[in-house]
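A short worksheet on the structure shown next.
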Amino acid sequence: RESEKHYRNLDLPPIGDIRGPGRKRLKVAMVVNSVDGLHTDPDVAEAVRDTGKLLESLGHHVEEIDAPVPDSFVDDFLDYWSLLSTYLLATGKRTFDPSFDRRRTDNLSRGLARHGLRKTYRLPLSLARLRLSKYVSARFFRGYDVGLTPVLALPTPELGWLDPTQPYEVVIDRLVHLATFTPLQNATGDPGISLPLGVGTNGMPIGVQVTSSQGHEARLLEVAYELEAA
């Protein structure tokens with residue numbers, strides 16, 4: 001309810017009926033590597049940079065920059081995610097059904113809950129920084145019209161690579177590196193669109209993400225139409 005009230009009060013512009021590319025040439029911030037200290041897979045990085053070159057050929061200004069988030073973001077987001085699992089395991093019988101059995105949950109859920117209990121003391125500051133991320137984002141988008149990033153840092157893995165019955169440490173390390181770009185929009189509320197603009201050496205499609213500030217979904221659709229036409 002509070003979230004709905006928040007978004008009603010934003011007074012966001014209507015998206016409208018978007019049926020083709022926009023005319024405005026945009027300033028694009030391209031981010032290839034995230035803040036987790038691990039580099040994006042070469043196939044994925046190439047797909048993002050090729051998209052940047054395509055946008056430049058269409059008249060847009062593209063600038064490669066470092067990830068515009070603080071180094072603490074990954075830990076902060078993990079702390080918040082862990083809070084959700086801690087709550088799930090503690091209240092499952094009441095939240096879902098009296099038959100809920102926490103012993104039958106997977107290693108990932110239990111590991112996140114353990115992390116949440118160990119790191120409870122960090123939550124107030126972690127949550128405060130996540131809330132502030134929307135202001136960091138707003139400042140960033142005063143200098144750029146859109147962001148260009150990978151959707152995932154790695155090519156599509158084989159089935160079972162993220163099997164949640166594996167040891168928690170294995171799964172969480174893989175998840176944090178794989179899905180390292182999209183959590184920012186979860187924290188800021190900014191829109192993003194995933195476009196299939198590359199193919200890896202394994203033959204699987206590679207997604208490239210275009211993001212913008214709150215209320216600019218129309219801009220993302222216009223960019224998507226333009227890239228599709230090109």
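By convention here, the chains of the structure tokens are called A, B, ... in the order presented, each chain's residues are numbered starting at 1, and ligands are numbered starting at 1 in the order presented.
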
Residues near A:Thr86, cut-off 9 Å, only C-alpha atoms, skip fewer than 6 positions along chain, as a CSV table (one decimal) with all heavy atoms, in the first residue's frame:
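Resulting contents of selection_11.csv:
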chain,number,residue,atom,x,y,z
A,109,SER,N,17.7,-21.0,0.1
A,109,SER,CA,16.8,-20.3,1.0
A,109,SER,C,17.4,-20.4,2.5
A,109,SER,O,17.4,-19.4,3.2
A,109,SER,CB,15.4,-20.9,1.0
A,109,SER,OG,14.9,-20.7,-0.3
A,110,ARG,N,17.8,-21.6,2.8
A,110,ARG,CA,18.4,-21.7,4.2
A,110,ARG,C,19.7,-20.9,4.4
A,110,ARG,O,19.9,-20.3,5.4
A,110,ARG,CB,18.5,-23.2,4.6
A,110,ARG,CG,17.2,-24.0,4.7
A,110,ARG,CD,17.4,-25.3,5.4
A,110,ARG,NE,18.3,-26.2,4.7
A,110,ARG,CZ,17.9,-27.1,3.8
A,110,ARG,NH1,16.6,-27.1,3.4
A,110,ARG,NH2,18.7,-27.9,3.1
A,112,LEU,N,20.6,-18.2,2.7
A,112,LEU,CA,20.3,-16.8,2.8
A,112,LEU,C,19.7,-16.4,4.2
A,112,LEU,O,20.1,-15.4,4.7
A,112,LEU,CB,19.2,-16.4,1.7
A,112,LEU,CG,19.7,-16.3,0.3
A,112,LEU,CD1,18.6,-16.3,-0.7
A,112,LEU,CD2,20.6,-15.1,0.2
A,113,ALA,N,18.9,-17.3,4.8
A,113,ALA,CA,18.4,-17.0,6.1
A,113,ALA,C,19.5,-17.0,7.1
A,113,ALA,O,19.5,-16.2,8.0
A,113,ALA,CB,17.3,-18.1,6.5
A,114,ARG,N,20.5,-17.9,7.0
A,114,ARG,CA,21.6,-17.9,8.0
A,114,ARG,C,22.4,-16.6,7.8
A,114,ARG,O,22.8,-16.0,8.8
A,114,ARG,CB,22.5,-19.1,7.7
A,114,ARG,CG,21.9,-20.4,8.2
A,114,ARG,CD,23.0,-21.5,8.2
A,114,ARG,NE,23.6,-21.7,6.9
A,114,ARG,CZ,23.2,-22.6,6.0
A,114,ARG,NH1,22.1,-23.3,6.2
A,114,ARG,NH2,23.8,-22.7,4.8
A,115,HIS,N,22.6,-16.2,6.5
A,115,HIS,CA,23.3,-14.9,6.3
A,115,HIS,C,22.5,-13.8,6.9
A,115,HIS,O,23.1,-12.9,7.6
A,115,HIS,CB,23.4,-14.7,4.8
A,115,HIS,CG,24.0,-13.4,4.4
A,115,HIS,ND1,25.4,-13.3,4.1
A,115,HIS,CD2,23.5,-12.2,4.3
A,115,HIS,CE1,25.7,-12.0,3.8
A,115,HIS,NE2,24.5,-11.3,3.9
A,116,GLY,N,21.2,-13.8,6.8
A,116,GLY,CA,20.4,-12.7,7.3
A,116,GLY,C,20.5,-12.6,8.9
A,116,GLY,O,20.6,-11.5,9.4
A,117,LEU,N,20.5,-13.8,9.5
A,117,LEU,CA,20.6,-13.8,11.0
A,117,LEU,C,22.0,-13.3,11.4
A,117,LEU,O,22.1,-12.6,12.4
A,117,LEU,CB,20.4,-15.2,11.5
A,117,LEU,CG,18.9,-15.7,11.4
A,117,LEU,CD1,18.8,-17.1,11.8
A,117,LEU,CD2,18.0,-14.8,12.3

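The list of residues with at least one atom within 12 Å of A:Gly189, based on only C-alpha atoms and without residues fewer than 6 positions apart in the same chain, reads Ser3, His6, Tyr7, Leu10, Leu130, Arg131, Leu132, Ser133, Lys134, Tyr135, Ser137, Ala138, Thr182, Pro183, Thr211, Ser212, Ser213, Gln214, Gly215, His216 and Glu217 of chain A.
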
Same residues, N, CA and C atoms, saved as a PDB file, in the first residue's frame:
ATOM      1  N   SER A   3       3.901   1.438  -1.118  1.00  0.00           N
ATOM      2  CA  SER A   3       4.558   1.500  -2.419  1.00  0.00           C
ATOM      3  C   SER A   3       3.627   2.088  -3.479  1.00  0.00           C
ATOM      4  N   HIS A   6       3.412   5.752  -2.997  1.00  0.00           N
ATOM      5  CA  HIS A   6       4.648   6.397  -3.443  1.00  0.00           C
ATOM      6  C   HIS A   6       4.619   6.638  -4.950  1.00  0.00           C
ATOM      7  N   TYR A   7       4.251   5.604  -5.732  1.00  0.00           N
ATOM      8  CA  TYR A   7       4.274   5.742  -7.185  1.00  0.00           C
ATOM      9  C   TYR A   7       3.156   6.632  -7.700  1.00  0.00           C
ATOM     10  N   LEU A  10       4.410  10.176  -7.578  1.00  0.00           N
ATOM     11  CA  LEU A  10       5.527  10.547  -8.444  1.00  0.00           C
ATOM     12  C   LEU A  10       5.078  11.407  -9.616  1.00  0.00           C
ATOM     13  N   LEU A 130      20.282   1.414   0.256  1.00  0.00           N
ATOM     14  CA  LEU A 130      19.448   0.997  -0.873  1.00  0.00           C
ATOM     15  C   LEU A 130      18.386   2.050  -1.177  1.00  0.00           C
ATOM     16  N   ARG A 131      17.805   2.639  -0.141  1.00  0.00           N
ATOM     17  CA  ARG A 131      16.820   3.703  -0.360  1.00  0.00           C
ATOM     18  C   ARG A 131      17.462   4.914  -1.033  1.00  0.00           C
ATOM     19  N   LEU A 132      18.683   5.214  -0.652  1.00  0.00           N
ATOM     20  CA  LEU A 132      19.375   6.364  -1.221  1.00  0.00           C
ATOM     21  C   LEU A 132      19.780   6.143  -2.675  1.00  0.00           C
ATOM     22  N   SER A 133      19.788   4.880  -3.111  1.00  0.00           N
ATOM     23  CA  SER A 133      20.234   4.600  -4.479  1.00  0.00           C
ATOM     24  C   SER A 133      19.373   5.295  -5.519  1.00  0.00           C
ATOM     25  N   LYS A 134      18.101   5.564  -5.190  1.00  0.00           N
ATOM     26  CA  LYS A 134      17.251   6.257  -6.171  1.00  0.00           C
ATOM     27  C   LYS A 134      17.729   7.693  -6.392  1.00  0.00           C
ATOM     28  N   TYR A 135      18.333   8.299  -5.367  1.00  0.00           N
ATOM     29  CA  TYR A 135      18.861   9.657  -5.526  1.00  0.00           C
ATOM     30  C   TYR A 135      20.173   9.630  -6.316  1.00  0.00           C
ATOM     31  N   SER A 137      20.787   7.426  -8.571  1.00  0.00           N
ATOM     32  CA  SER A 137      20.336   7.192  -9.942  1.00  0.00           C
ATOM     33  C   SER A 137      19.812   8.475 -10.583  1.00  0.00           C
ATOM     34  N   ALA A 138      19.022   9.236  -9.839  1.00  0.00           N
ATOM     35  CA  ALA A 138      18.480  10.484 -10.381  1.00  0.00           C
ATOM     36  C   ALA A 138      19.600  11.440 -10.785  1.00  0.00           C
ATOM     37  N   THR A 182      21.051  -6.249 -13.007  1.00  0.00           N
ATOM     38  CA  THR A 182      19.630  -5.911 -12.876  1.00  0.00           C
ATOM     39  C   THR A 182      19.167  -5.562 -11.461  1.00  0.00           C
ATOM     40  N   PRO A 183      19.837  -5.986 -10.382  1.00  0.00           N
ATOM     41  CA  PRO A 183      19.334  -5.616  -9.047  1.00  0.00           C
ATOM     42  C   PRO A 183      19.231  -4.114  -8.806  1.00  0.00           C
ATOM     43  N   THR A 211      18.413   1.044 -19.844  1.00  0.00           N
ATOM     44  CA  THR A 211      17.723   1.584 -18.671  1.00  0.00           C
ATOM     45  C   THR A 211      17.556   3.091 -18.803  1.00  0.00           C
ATOM     46  N   SER A 212      16.619   3.619 -18.040  1.00  0.00           N
ATOM     47  CA  SER A 212      16.444   5.065 -17.983  1.00  0.00           C
ATOM     48  C   SER A 212      15.863   5.432 -16.625  1.00  0.00           C
ATOM     49  N   SER A 213      15.599   6.696 -16.426  1.00  0.00           N
ATOM     50  CA  SER A 213      15.078   7.154 -15.138  1.00  0.00           C
ATOM     51  C   SER A 213      13.577   6.915 -15.063  1.00  0.00           C
ATOM     52  N   GLN A 214      13.027   7.020 -13.862  1.00  0.00           N
ATOM     53  CA  GLN A 214      11.607   6.769 -13.648  1.00  0.00           C
ATOM     54  C   GLN A 214      10.753   7.653 -14.570  1.00  0.00           C
ATOM     55  N   GLY A 215       9.754   7.020 -15.174  1.00  0.00           N
ATOM     56  CA  GLY A 215       8.846   7.760 -16.035  1.00  0.00           C
ATOM     57  C   GLY A 215       9.248   7.799 -17.491  1.00  0.00           C
ATOM     58  N   HIS A 216      10.379   7.148 -17.846  1.00  0.00           N
ATOM     59  CA  HIS A 216      10.861   7.224 -19.223  1.00  0.00           C
ATOM     60  C   HIS A 216      10.802   5.866 -19.924  1.00  0.00           C
ATOM     61  N   GLU A 217       9.760   5.104 -19.638  1.00  0.00           N
ATOM     62  CA  GLU A 217       9.569   3.841 -20.359  1.00  0.00           C
ATOM     63  C   GLU A 217       9.436   4.071 -21.861  1.00  0.00           C
TER      64      GLU A 217
END

For A:Leu54, which residue out of A:Ala179, A:Leu78, A:Val28, A:Leu108 is the nearest one, using only C-alpha atoms?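 For A:Leu54, the nearest of the given residues is A:Val28.
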
Looking only at strand (DSSP E) from DSSP on the backbone, list the matching residues of stretch 6-174 of chain A as a PyMOL selection string. chain A and resi 27-30+61-64+146-150

Go ahead and save the picked residues with all heavy atoms, as a short mmCIF file (atom, residue, chain, number, x, y, z; two decimals), in the first residue's frame.
data_model
loop_
_atom_site.label_atom_id
_atom_site.label_comp_id
_atom_site.auth_asym_id
_atom_site.auth_seq_id
_atom_site.Cartn_x
_atom_site.Cartn_y
_atom_site.Cartn_z
N LYS A 27 22.23 10.62 -25.13
CA LYS A 27 23.54 10.42 -24.51
C LYS A 27 23.47 9.11 -23.72
O LYS A 27 22.67 8.98 -22.79
CB LYS A 27 23.89 11.60 -23.59
CG LYS A 27 25.33 11.54 -23.08
CD LYS A 27 25.71 12.81 -22.34
CE LYS A 27 27.17 12.74 -21.89
NZ LYS A 27 27.57 13.95 -21.13
N VAL A 28 24.30 8.16 -24.12
CA VAL A 28 24.22 6.79 -23.61
C VAL A 28 25.44 6.49 -22.75
O VAL A 28 26.59 6.68 -23.18
CB VAL A 28 24.16 5.78 -24.77
CG1 VAL A 28 24.04 4.35 -24.25
CG2 VAL A 28 23.00 6.12 -25.71
N ALA A 29 25.20 6.00 -21.54
CA ALA A 29 26.28 5.55 -20.65
C ALA A 29 26.37 4.03 -20.74
O ALA A 29 25.45 3.32 -20.35
CB ALA A 29 26.01 5.97 -19.21
N MET A 30 27.48 3.53 -21.26
CA MET A 30 27.66 2.08 -21.44
C MET A 30 28.51 1.53 -20.30
O MET A 30 29.62 2.01 -20.04
CB MET A 30 28.32 1.80 -22.79
CG MET A 30 28.53 0.32 -23.07
SD MET A 30 29.07 0.02 -24.79
CE MET A 30 30.70 0.80 -24.76
N HIS A 61 25.27 9.48 -28.85
CA HIS A 61 26.59 9.62 -28.23
C HIS A 61 26.73 8.54 -27.17
O HIS A 61 25.93 8.48 -26.23
CB HIS A 61 26.75 11.00 -27.61
CG HIS A 61 28.03 11.14 -26.83
ND1 HIS A 61 29.25 11.31 -27.44
CD2 HIS A 61 28.27 11.11 -25.49
CE1 HIS A 61 30.20 11.40 -26.51
NE2 HIS A 61 29.62 11.27 -25.32
N VAL A 62 27.74 7.68 -27.29
CA VAL A 62 27.94 6.57 -26.37
C VAL A 62 29.26 6.74 -25.65
O VAL A 62 30.30 6.98 -26.28
CB VAL A 62 27.92 5.21 -27.10
CG1 VAL A 62 28.14 4.07 -26.11
CG2 VAL A 62 26.60 5.04 -27.84
N GLU A 63 29.22 6.62 -24.34
CA GLU A 63 30.41 6.79 -23.50
C GLU A 63 30.50 5.61 -22.54
O GLU A 63 29.56 5.33 -21.79
CB GLU A 63 30.30 8.10 -22.72
CG GLU A 63 31.47 8.40 -21.81
CD GLU A 63 31.27 9.71 -21.05
OE1 GLU A 63 30.40 10.51 -21.46
OE2 GLU A 63 31.96 9.90 -20.04
N GLU A 64 31.62 4.88 -22.57
CA GLU A 64 31.80 3.76 -21.63
C GLU A 64 32.29 4.30 -20.29
O GLU A 64 33.27 5.05 -20.23
CB GLU A 64 32.78 2.73 -22.17
CG GLU A 64 32.92 1.51 -21.27
CD GLU A 64 33.68 0.35 -21.91
OE1 GLU A 64 33.92 0.39 -23.14
OE2 GLU A 64 34.02 -0.60 -21.17
N VAL A 146 20.13 7.41 -21.21
CA VAL A 146 19.91 5.99 -20.97
C VAL A 146 21.22 5.33 -20.57
O VAL A 146 22.31 5.84 -20.84
CB VAL A 146 19.33 5.26 -22.22
CG1 VAL A 146 17.96 5.79 -22.59
CG2 VAL A 146 20.29 5.35 -23.40
N GLY A 147 21.08 4.18 -19.93
CA GLY A 147 22.22 3.33 -19.63
C GLY A 147 22.17 2.08 -20.50
O GLY A 147 21.10 1.63 -20.92
N LEU A 148 23.34 1.52 -20.78
CA LEU A 148 23.46 0.32 -21.61
C LEU A 148 24.35 -0.67 -20.87
O LEU A 148 25.52 -0.38 -20.61
CB LEU A 148 24.06 0.69 -22.97
CG LEU A 148 24.22 -0.43 -24.00
CD1 LEU A 148 22.85 -0.88 -24.50
CD2 LEU A 148 25.08 0.06 -25.18
N THR A 149 23.81 -1.83 -20.51
CA THR A 149 24.55 -2.82 -19.73
C THR A 149 24.20 -4.22 -20.21
O THR A 149 23.23 -4.42 -20.96
CB THR A 149 24.20 -2.75 -18.22
OG1 THR A 149 22.91 -3.34 -17.99
CG2 THR A 149 24.21 -1.32 -17.71
N PRO A 150 24.95 -5.23 -19.77
CA PRO A 150 24.47 -6.60 -19.96
C PRO A 150 23.21 -6.82 -19.12
O PRO A 150 22.96 -6.11 -18.15
CB PRO A 150 25.63 -7.46 -19.43
CG PRO A 150 26.83 -6.56 -19.40
CD PRO A 150 26.29 -5.19 -19.13
#

Excluding same-chain residues fewer than 2 positions from A:Leu127, what lies within 9 Å of it counting only C-alpha atoms, as a ChimeraX atom specification? /A:76-77,79-80,122-125,129-132

Can you list every residue in stretch 8-197 of chain A that DSSP puts in alpha helix (DSSP H), as a PyMOL selection string? chain A and resi 8+42-57+73-95+107-118+123-140+168-178+183-188

With distances taken over only C-alpha atoms, which residue among A:Met204, A:Ala67, A:Asp75, A:Glu226 lies nearest A:Thr156? A:Met204

Within 8 Å of stretch 32-37 of chain A: each stretch 92-183 of chain A residue with its shortest pair, only C-alpha atoms, as a Markdown table:
| residue | atom | partner | partner_atom | distance |
| --- | --- | --- | --- | --- |
| A:Thr149 | CA | A:Val32 | CA | 5.8 |
| A:Pro150 | CA | A:Val32 | CA | 6.7 |
| A:Ala153 | CA | A:Asn33 | CA | 7.9 |
| A:Val176 | CA | A:Asp36 | CA | 8.0 |
| A:His177 | CA | A:Asp36 | CA | 7.0 |
| A:Thr180 | CA | A:Ser34 | CA | 6.6 |
| A:Phe181 | CA | A:Ser34 | CA | 6.6 |
